[in-house]
There are 2 protein chains.
Amino acid sequence: MERIGFVGLGTMGASMAANLLRAGAPLTVWNRTPGQAGPLLEMGAQAAESAAAVATRSEISVVCVSDTPDVEAVLFGPGGIAEGATRGSLVIDCSTISPDATREFGRRLAELGVAMVDAPVSGGSEGARLGTLTFFVGGDEAAVVRARPVLGAMGKTITHLGPLGSGQAGKAVNQVIISGAYLGVAEGIVLGMRAGLDPRRLVEALSGGSAQSWVLANRSGRMIDDEYPLGFRLALHRKDLGIALELARGLGLPLPVAALTASLEDVLMAEGHGDEDMSVLAHAIQAGATGDAGAGRRPV
Amino acid sequence: MERIGFVGLGTMGASMAANLLRAGAPLTVWNRTPGQAGPLLEMGAQAAESAAAVATRSEISVVCVSDTPDVEAVLFGPGGIAEGATRGSLVIDCSTISPDATREFGRRLAELGVAMVDAPVSGGSEGARLGTLTFFVGGDEAAVVRARPVLGAMGKTITHLGPLGSGQAGKAVNQVIISGAYLGVAEGIVLGMRAGLDPRRLVEALSGGSAQSWVLANRSGRMIDDEYPLGFRLALHRKDLGIALELARGLGLPLPVAALTASLEDVLMAEGHGDEDMSVLAHAIQAGATGDAGAGRRPV
């Protein structure tokens, strides 16, 4: 494998970088907040003093940070990848950011002779650890072919959706679809419990038909227990919905269920639930209930 | 098997009754609109001249009609099941109706010494034909035990959720969950197509992760083609959502995604889409788009 650099060693990035090391990649790493690289250095990674230094030592630099401004900073800020990257190198951005900004970043890198692929991920911290992530990929064919072995070391499903920015658009679609999935399951589970049904038997009954989904199978249990360990942070989904809603706005398209979910998530974040799993949406349904309306009413 | 009666030979009922005959049940049938029984009579069913006559000749009467007033009519109207049913017989209602009304009907039947089980179905016309339906079952343990072989001849998953009315509550939960599932997939697919992505590759990429669902696997194709053959009639889902929203209202519970879906479905029905498959919800998203906002904007 080519010499790989990794910028952004958060929950996702650290696990993804570890899988690159396991696949035998020569790896140089850097993180904005120091002290995250320890376990990777023990596995054989080299530490660099900046994103620019990572890029200088790498033929392919992988970026995995939080939001559009973070990607802009590690690419074009002081000590950023643009300062150190050599002509002919490749940047793979695994962050989830704006498709429009991605295209702009790609243009600026192209002026330096540096190629770019956007490859946002789905599959959460567990997928990152197990190397079972899904990558939504955008970029020129040649750049994507070059990125593929790197992505293959970190994930299972790698789908090239079109030119640069298409990966971000695909990820936005994923986040819109799960808005409806989580909200539907949240409302259904809370309704079933309020109606006096045994929720685990209910989930069993629902799983055989048109209500079947990953969310029902993997997140209804948290809603039943009313406990929301991570998982996938609500605040991050809200950030991603902002990207999807902006994309839709530009296309003149209404996204009612995404907008509704964003609004409920805003309330949950204001109430301090931003760092809980996204399934805490069930809490918004419960909290909206009038405590007394059901009183004296015999359960079903 | 006990002597079975079947009242309501629509798309669902006719297929379910046929599966009872295949399982060797002695079957008497009746339908409000005449002329539906032909194929069943050829398979060996007996025709009766009223629901009451069905009940008189049957130990177990299965009802499969559209809505709460229809069930009330075939149970308690002139020539209804209550007129003909003998003490010790059982009524299985496979219609999707109000849980509250179900309990009232059960009380009225109990006064005549007739037991009742509610067993609304999920799985559509295909499930009815193939005998793979899911039954959400409510009723006393003894009545449900008695109903089980009959349900088993018509479906695959039979889940007893609690006392009478619990089946209807479970079905309401199913319809709430699929509201979110359909709407999320509709918004996601339309967004992805507007953003210039290849929708079939997109669905492939989405299917490996948290966006996976029955709706994505089985209904995204109709949304991509913008053609909505049945399937599951939009107007029937809207009817079922009315039941779910009424149940939630009684429990003091908000169901934002169910209410949003009901509102979009009302518009679609007013525009003449009520008899199309529920996946026509994607049409509501497309129709809401401003035709010009995306003009001149290069696709992703």
# chains A, B, ... in the order shown; residues from 1 in each chain; ligands from 1

$ interface_residues --of "chain A" --to "chain B" --cutoff "7 Å" --atoms "only C-alpha atoms" --output "VMD selection string"
chain A and resid 122 to 123 134 136 157 159 161 to 163 165 to 166 169 to 170 173 to 174 176 to 181 183 to 185 187 to 188 191 to 192 194 to 195 197 to 198 201 to 202 205 to 206 208 to 215 248 250 to 255 257 285 288 to 290 293 to 294 300

$ residues_around --residues "B:Arg238" --least-positions-apart "6" --cutoff "8 Å" --atoms "only C-alpha atoms" --output "list in words"
Ala262, Glu265 and Asp266 of chain B

$ residues_around --residues "A:Gly106" --least-positions-apart "5" --cutoff "12 Å" --atoms "only C-alpha atoms" --output "JSON, numbers by chain"
{"A": [71, 72, 75, 76, 82, 90, 91, 92, 93, 99, 100, 101, 111, 112, 113, 114, 115, 116, 117, 118, 138, 139, 140, 143, 163, 164, 165]}

$ write_last_selection --atoms "N, CA, C and O atoms" --output "CSV table (one decimal), in the first residue's frame"
chain,number,residue,atom,x,y,z
A,71,VAL,N,-12.6,20.6,8.3
A,71,VAL,CA,-11.9,20.1,7.1
A,71,VAL,C,-11.2,21.3,6.4
A,71,VAL,O,-10.0,21.1,6.1
A,72,GLU,N,-11.8,22.4,6.3
A,72,GLU,CA,-11.1,23.6,5.7
A,72,GLU,C,-9.9,23.9,6.5
A,72,GLU,O,-8.8,24.2,5.9
A,75,LEU,N,-7.1,21.3,6.0
A,75,LEU,CA,-6.6,21.3,4.6
A,75,LEU,C,-5.8,22.6,4.3
A,75,LEU,O,-4.7,22.6,3.8
A,76,PHE,N,-6.4,23.8,4.6
A,76,PHE,CA,-5.9,25.1,4.1
A,76,PHE,C,-5.5,26.0,5.2
A,76,PHE,O,-5.0,27.1,4.9
A,82,ALA,N,-2.5,21.4,2.7
A,82,ALA,CA,-2.1,22.1,1.5
A,82,ALA,C,-0.6,22.6,1.5
A,82,ALA,O,0.1,22.7,0.5
A,90,LEU,N,-2.9,12.4,-3.0
A,90,LEU,CA,-4.3,12.3,-3.0
A,90,LEU,C,-4.8,12.6,-1.5
A,90,LEU,O,-4.2,12.1,-0.6
A,91,VAL,N,-5.9,13.3,-1.4
A,91,VAL,CA,-6.6,13.5,-0.1
A,91,VAL,C,-7.9,12.7,-0.2
A,91,VAL,O,-8.7,12.9,-1.1
A,92,ILE,N,-8.2,11.9,0.8
A,92,ILE,CA,-9.4,11.2,1.0
A,92,ILE,C,-10.1,11.8,2.2
A,92,ILE,O,-9.6,11.7,3.3
A,93,ASP,N,-11.2,12.5,2.0
A,93,ASP,CA,-12.0,13.1,3.1
A,93,ASP,C,-13.1,12.2,3.6
A,93,ASP,O,-14.1,12.1,2.9
A,99,PRO,N,-21.5,19.1,0.4
A,99,PRO,CA,-21.1,18.8,-0.9
A,99,PRO,C,-20.5,20.0,-1.7
A,99,PRO,O,-19.5,19.8,-2.4
A,100,ASP,N,-21.1,21.1,-1.5
A,100,ASP,CA,-20.6,22.3,-2.2
A,100,ASP,C,-19.2,22.7,-1.7
A,100,ASP,O,-18.4,22.9,-2.6
A,101,ALA,N,-19.0,22.7,-0.4
A,101,ALA,CA,-17.7,23.0,0.1
A,101,ALA,C,-16.7,22.0,-0.4
A,101,ALA,O,-15.5,22.3,-0.7
A,111,GLU,N,-5.5,22.9,-7.9
A,111,GLU,CA,-4.5,23.9,-8.3
A,111,GLU,C,-3.1,23.6,-7.8
A,111,GLU,O,-2.1,24.1,-8.4
A,112,LEU,N,-3.0,22.8,-6.8
A,112,LEU,CA,-1.7,22.4,-6.2
A,112,LEU,C,-1.3,21.0,-6.8
A,112,LEU,O,-0.3,20.4,-6.4
A,113,GLY,N,-2.1,20.5,-7.7
A,113,GLY,CA,-1.7,19.2,-8.3
A,113,GLY,C,-2.1,18.0,-7.4
A,113,GLY,O,-1.5,16.9,-7.5
A,114,VAL,N,-3.0,18.3,-6.4
A,114,VAL,CA,-3.4,17.3,-5.4
A,114,VAL,C,-4.8,16.8,-5.8
A,114,VAL,O,-5.7,17.7,-5.9
A,115,ALA,N,-5.1,15.5,-5.9
A,115,ALA,CA,-6.4,15.0,-6.2
A,115,ALA,C,-7.2,14.8,-4.9
A,115,ALA,O,-6.7,14.8,-3.8
A,116,MET,N,-8.5,14.8,-5.0
A,116,MET,CA,-9.4,14.6,-3.8
A,116,MET,C,-10.5,13.6,-4.1
A,116,MET,O,-11.1,13.6,-5.2
A,117,VAL,N,-10.8,12.9,-3.1
A,117,VAL,CA,-12.0,12.0,-3.1
A,117,VAL,C,-12.8,12.2,-1.8
A,117,VAL,O,-12.2,12.4,-0.8
A,118,ASP,N,-14.1,12.4,-1.9
A,118,ASP,CA,-14.9,12.4,-0.7
A,118,ASP,C,-15.5,11.1,-0.4
A,118,ASP,O,-16.0,10.4,-1.3
A,138,GLY,N,-17.3,9.9,-3.8
A,138,GLY,CA,-17.4,10.8,-4.9
A,138,GLY,C,-16.0,11.1,-5.4
A,138,GLY,O,-15.0,11.3,-4.6
A,139,GLY,N,-15.8,11.3,-6.7
A,139,GLY,CA,-14.5,11.7,-7.2
A,139,GLY,C,-14.3,11.2,-8.6
A,139,GLY,O,-15.1,10.4,-9.1
A,140,ASP,N,-13.2,11.6,-9.3
A,140,ASP,CA,-12.8,11.1,-10.6
A,140,ASP,C,-12.5,9.6,-10.5
A,140,ASP,O,-12.0,9.2,-9.5
A,143,ALA,N,-8.9,8.7,-9.3
A,143,ALA,CA,-8.7,9.0,-7.9
A,143,ALA,C,-9.4,7.9,-7.0
A,143,ALA,O,-8.9,7.5,-6.0
A,163,PRO,N,-19.1,12.2,-9.5
A,163,PRO,CA,-18.0,13.1,-9.3
A,163,PRO,C,-17.9,13.6,-7.9
A,163,PRO,O,-18.7,13.3,-7.0
A,164,LEU,N,-16.8,14.3,-7.6
A,164,LEU,CA,-16.5,14.9,-6.3
A,164,LEU,C,-17.8,15.6,-5.7
A,164,LEU,O,-18.4,16.3,-6.4
A,165,GLY,N,-18.1,15.2,-4.4
A,165,GLY,CA,-19.3,15.8,-3.8
A,165,GLY,C,-20.4,14.8,-3.7
A,165,GLY,O,-21.3,14.9,-2.9

$ residues_around --residues "A:Leu20" --least-positions-apart "2" --cutoff "9 Å" --atoms "only C-alpha atoms" --output "mmCIF file with N, CA, C and O atoms, in the first residue's frame"
data_model
loop_
_atom_site.group_PDB
_atom_site.id
_atom_site.type_symbol
_atom_site.label_atom_id
_atom_site.label_comp_id
_atom_site.auth_asym_id
_atom_site.auth_seq_id
_atom_site.Cartn_x
_atom_site.Cartn_y
_atom_site.Cartn_z
ATOM 1 N N ILE A 4 0.526 6.174 3.851
ATOM 2 C CA ILE A 4 -0.748 6.794 4.205
ATOM 3 C C ILE A 4 -0.555 7.761 5.373
ATOM 4 O O ILE A 4 0.219 7.485 6.301
ATOM 5 N N SER A 15 -10.082 4.296 15.220
ATOM 6 C CA SER A 15 -10.369 2.899 14.864
ATOM 7 C C SER A 15 -10.040 2.636 13.385
ATOM 8 O O SER A 15 -9.540 1.568 13.026
ATOM 9 N N MET A 16 -10.341 3.619 12.538
ATOM 10 C CA MET A 16 -10.078 3.455 11.096
ATOM 11 C C MET A 16 -8.574 3.396 10.844
ATOM 12 O O MET A 16 -8.084 2.560 10.056
ATOM 13 N N ALA A 17 -7.809 4.260 11.536
ATOM 14 C CA ALA A 17 -6.357 4.269 11.374
ATOM 15 C C ALA A 17 -5.763 2.941 11.850
ATOM 16 O O ALA A 17 -4.837 2.397 11.231
ATOM 17 N N ALA A 18 -6.309 2.417 12.941
ATOM 18 C CA ALA A 18 -5.812 1.129 13.459
ATOM 19 C C ALA A 18 -6.009 0.022 12.420
ATOM 20 O O ALA A 18 -5.149 -0.843 12.237
ATOM 21 N N ARG A 22 -3.314 -2.495 10.677
ATOM 22 C CA ARG A 22 -3.487 -3.951 10.616
ATOM 23 C C ARG A 22 -3.359 -4.474 9.177
ATOM 24 O O ARG A 22 -2.942 -5.596 8.958
ATOM 25 N N ALA A 23 -3.738 -3.610 8.213
ATOM 26 C CA ALA A 23 -3.639 -4.014 6.801
ATOM 27 C C ALA A 23 -2.222 -3.826 6.268
ATOM 28 O O ALA A 23 -1.961 -4.066 5.091
ATOM 29 N N GLY A 24 -1.299 -3.348 7.140
ATOM 30 C CA GLY A 24 0.100 -3.247 6.733
ATOM 31 C C GLY A 24 0.496 -1.915 6.124
ATOM 32 O O GLY A 24 1.577 -1.790 5.545
ATOM 33 N N ALA A 25 -0.368 -0.885 6.240
ATOM 34 C CA ALA A 25 -0.035 0.409 5.652
ATOM 35 C C ALA A 25 1.028 1.126 6.496
ATOM 36 O O ALA A 25 0.924 1.146 7.721
ATOM 37 N N PRO A 26 2.060 1.728 5.833
ATOM 38 C CA PRO A 26 2.979 2.624 6.548
ATOM 39 C C PRO A 26 2.195 3.896 6.878
ATOM 40 O O PRO A 26 1.688 4.551 5.963
ATOM 41 N N LEU A 27 2.058 4.240 8.175
ATOM 42 C CA LEU A 27 1.079 5.266 8.567
ATOM 43 C C LEU A 27 1.696 6.384 9.407
ATOM 44 O O LEU A 27 2.391 6.118 10.386
ATOM 45 N N VAL A 150 -7.311 1.696 0.199
ATOM 46 C CA VAL A 150 -7.289 2.357 1.516
ATOM 47 C C VAL A 150 -8.666 2.224 2.176
ATOM 48 O O VAL A 150 -8.787 1.833 3.343
ATOM 49 N N LEU A 151 -9.706 2.515 1.410
ATOM 50 C CA LEU A 151 -11.067 2.404 1.953
ATOM 51 C C LEU A 151 -11.389 0.944 2.286
ATOM 52 O O LEU A 151 -12.039 0.658 3.299
ATOM 53 N N ALA A 153 -9.498 -1.287 3.414
ATOM 54 C CA ALA A 153 -8.880 -1.703 4.679
ATOM 55 C C ALA A 153 -9.702 -1.225 5.876
ATOM 56 O O ALA A 153 -9.558 -1.724 6.986
ATOM 57 N N MET A 154 -10.606 -0.256 5.647
ATOM 58 C CA MET A 154 -11.354 0.351 6.756
ATOM 59 C C MET A 154 -12.839 0.019 6.718
ATOM 60 O O MET A 154 -13.550 0.232 7.697
#

$ select_by_dssp --residues "stretch 159-206 of chain B" --states "strand (DSSP E)" --output "list in words"
Thr159, His160, Leu161 and Gly162 of chain B

$ closest_residue --among "B:Met43, B:Ile81, B:Leu109, B:Leu9" --to "B:Val65" --atoms "only C-alpha atoms"
B:Leu9

$ closest_residue --among "A:Pro229, A:Gly80, A:Gly155, A:Gly242" --to "A:Met278" --atoms "only C-alpha atoms"
A:Pro229

$ select_by_dssp --residues "stretch 21-238 of chain A" --states "helix (DSSP H, G or I)" --output "number ranges by chain"
A: 21-22, 38-42, 51-57, 68-76, 81-84, 99-111, 124-130, 141-154, 166-194, 199-206, 214-225, 234-238

$ closest_residue --among "B:Thr56, B:Thr102, B:Ser125, B:Ser50" --to "B:Pro78" --atoms "only C-alpha atoms"
B:Ser50

$ closest_residue --among "B:Pro39, B:Gly88, B:Gly231, B:Gly10" --to "B:Ser66" --atoms "only C-alpha atoms"
B:Gly10

$ closest_residue --among "A:Gly79, A:Lys239, A:Glu49, A:Arg129" --to "A:Gly35" --atoms "only C-alpha atoms"
A:Glu49

$ closest_residue --among "A:Leu40, A:Leu241, A:Ala73, A:Val62" --to "A:Ser98" --atoms "only C-alpha atoms"
A:Leu241

$ atom_distance --atom1 "atom CA of A:Ser95" --atom2 "atom CA of A:Ala119"
7.4 Å

$ decode --residues "stretch 115-263 of chain B" --atoms "C-alpha atoms" --output "compact mmCIF listing (two decimals), in the first residue's frame"
# COMPACT_ATOMS: atom_id res chain seq x y z
CA ALA B 115 -65.76 -15.08 22.27
CA MET B 116 -63.72 -12.61 20.22
CA VAL B 117 -60.11 -12.27 19.12
CA ASP B 118 -58.71 -9.28 17.22
CA ALA B 119 -56.07 -10.27 14.69
CA PRO B 120 -55.33 -7.47 12.21
CA VAL B 121 -52.78 -8.38 9.57
CA SER B 122 -49.71 -6.94 7.96
CA GLY B 123 -48.02 -8.22 4.81
CA GLY B 124 -50.26 -7.00 1.99
CA SER B 125 -51.99 -8.83 -0.81
CA GLU B 126 -48.82 -10.78 -1.58
CA GLY B 127 -48.58 -12.00 2.02
CA ALA B 128 -52.26 -12.96 1.94
CA ARG B 129 -51.75 -14.98 -1.25
CA LEU B 130 -48.58 -16.72 -0.06
CA GLY B 131 -49.86 -17.28 3.47
CA THR B 132 -46.97 -15.28 4.96
CA LEU B 133 -49.06 -12.66 6.78
CA THR B 134 -48.17 -11.27 10.20
CA PHE B 135 -51.04 -11.31 12.72
CA PHE B 136 -51.10 -8.89 15.67
CA VAL B 137 -53.33 -10.74 18.12
CA GLY B 138 -55.38 -9.62 21.13
CA GLY B 139 -57.76 -11.64 23.29
CA ASP B 140 -58.09 -14.01 26.23
CA GLU B 141 -55.53 -16.80 26.29
CA ALA B 142 -58.13 -19.55 25.67
CA ALA B 143 -59.67 -17.75 22.70
CA VAL B 144 -56.26 -17.07 21.18
CA VAL B 145 -55.25 -20.72 21.58
CA ARG B 146 -58.42 -21.68 19.74
CA ALA B 147 -57.78 -19.09 16.99
CA ARG B 148 -54.16 -20.09 16.42
CA PRO B 149 -54.64 -23.00 13.94
CA VAL B 150 -56.94 -20.79 11.84
CA LEU B 151 -54.43 -17.93 11.82
CA GLY B 152 -51.60 -20.38 11.17
CA ALA B 153 -53.29 -21.51 7.94
CA MET B 154 -53.31 -17.90 6.70
CA GLY B 155 -50.05 -16.44 8.03
CA LYS B 156 -46.56 -17.02 9.32
CA THR B 157 -46.02 -14.76 12.33
CA ILE B 158 -48.71 -14.86 15.02
CA THR B 159 -47.94 -12.75 18.08
CA HIS B 160 -50.32 -12.57 21.06
CA LEU B 161 -49.80 -9.06 22.44
CA GLY B 162 -52.33 -8.94 25.27
CA PRO B 163 -56.09 -8.74 25.96
CA LEU B 164 -58.74 -7.89 23.34
CA GLY B 165 -57.78 -4.72 21.43
CA SER B 166 -54.04 -5.34 21.77
CA GLY B 167 -53.83 -6.66 18.23
CA GLN B 168 -55.34 -3.42 16.91
CA ALA B 169 -52.93 -1.37 19.03
CA GLY B 170 -50.02 -3.41 17.63
CA LYS B 171 -51.21 -2.88 14.07
CA ALA B 172 -51.52 0.87 14.78
CA VAL B 173 -47.87 0.83 15.90
CA ASN B 174 -46.92 -0.91 12.64
CA GLN B 175 -48.66 1.79 10.60
CA VAL B 176 -46.96 4.56 12.59
CA ILE B 177 -43.51 3.03 12.10
CA ILE B 178 -43.95 2.63 8.36
CA SER B 179 -45.06 6.28 8.11
CA GLY B 180 -41.55 7.32 9.10
CA ALA B 181 -39.94 4.60 7.01
CA TYR B 182 -41.77 5.51 3.79
CA LEU B 183 -41.40 9.26 4.26
CA GLY B 184 -37.68 9.02 5.05
CA VAL B 185 -37.00 6.83 2.01
CA ALA B 186 -39.18 9.07 -0.18
CA GLU B 187 -37.29 12.20 0.83
CA GLY B 188 -33.92 10.49 0.55
CA ILE B 189 -34.52 8.98 -2.89
CA VAL B 190 -35.91 12.23 -4.33
CA LEU B 191 -33.02 14.22 -2.80
CA GLY B 192 -30.43 11.80 -4.19
CA MET B 193 -31.94 11.90 -7.68
CA ARG B 194 -32.16 15.70 -7.67
CA ALA B 195 -28.52 15.83 -6.55
CA GLY B 196 -27.61 13.82 -9.65
CA LEU B 197 -26.74 10.49 -8.02
CA ASP B 198 -27.46 7.17 -9.70
CA PRO B 199 -30.39 6.09 -7.52
CA ARG B 200 -29.86 2.33 -7.87
CA ARG B 201 -26.21 2.52 -6.84
CA LEU B 202 -27.34 4.79 -4.02
CA VAL B 203 -29.87 2.24 -2.76
CA GLU B 204 -27.14 -0.41 -2.95
CA ALA B 205 -24.83 1.77 -0.83
CA LEU B 206 -27.61 2.57 1.67
CA SER B 207 -28.66 -1.05 2.11
CA GLY B 208 -25.58 -2.08 4.06
CA GLY B 209 -26.07 0.28 7.00
CA SER B 210 -28.42 2.06 9.37
CA ALA B 211 -30.77 3.13 6.53
CA GLN B 212 -31.62 -0.50 5.72
CA SER B 213 -35.31 -1.36 5.85
CA TRP B 214 -38.07 -3.35 4.18
CA VAL B 215 -39.30 -0.12 2.62
CA LEU B 216 -35.88 0.74 1.16
CA ALA B 217 -35.48 -2.79 -0.21
CA ASN B 218 -39.02 -3.19 -1.56
CA ARG B 219 -40.39 0.27 -2.34
CA SER B 220 -37.47 2.54 -3.36
CA GLY B 221 -37.67 1.08 -6.90
CA ARG B 222 -41.20 2.42 -7.34
CA MET B 223 -40.08 5.85 -6.16
CA ILE B 224 -37.12 5.78 -8.58
CA ASP B 225 -39.42 4.83 -11.46
CA ASP B 226 -42.09 7.28 -10.22
CA GLU B 227 -44.69 4.53 -10.74
CA TYR B 228 -46.79 3.22 -7.89
CA PRO B 229 -48.63 -0.04 -8.60
CA LEU B 230 -50.20 -1.80 -5.58
CA GLY B 231 -48.85 -2.86 -3.13
CA PHE B 232 -50.59 -1.23 -0.28
CA ARG B 233 -53.25 1.35 -1.00
CA LEU B 234 -52.42 4.85 0.27
CA ALA B 235 -56.07 5.45 1.28
CA LEU B 236 -56.01 2.37 3.52
CA HIS B 237 -52.85 3.51 5.28
CA ARG B 238 -54.47 6.92 5.81
CA LYS B 239 -57.49 5.16 7.34
CA ASP B 240 -55.18 3.17 9.64
CA LEU B 241 -53.30 6.34 10.66
CA GLY B 242 -56.64 7.81 11.72
CA ILE B 243 -57.00 4.89 14.13
CA ALA B 244 -53.43 5.33 15.41
CA LEU B 245 -53.83 9.09 15.88
CA GLU B 246 -57.13 8.57 17.73
CA LEU B 247 -55.47 5.99 19.98
CA ALA B 248 -52.58 8.39 20.67
CA ARG B 249 -54.96 11.27 21.35
CA GLY B 250 -56.70 9.16 23.98
CA LEU B 251 -53.32 8.46 25.58
CA GLY B 252 -52.23 12.12 25.45
CA LEU B 253 -49.33 11.29 23.15
CA PRO B 254 -48.06 13.37 20.20
CA LEU B 255 -47.20 11.46 16.99
CA PRO B 256 -45.50 14.11 14.85
CA VAL B 257 -44.31 11.88 12.00
CA ALA B 258 -47.64 10.03 11.81
CA ALA B 259 -49.52 13.35 11.75
CA LEU B 260 -47.19 14.74 9.07
CA THR B 261 -47.68 11.62 6.94
CA ALA B 262 -51.46 11.80 7.37
CA SER B 263 -51.43 15.40 6.19
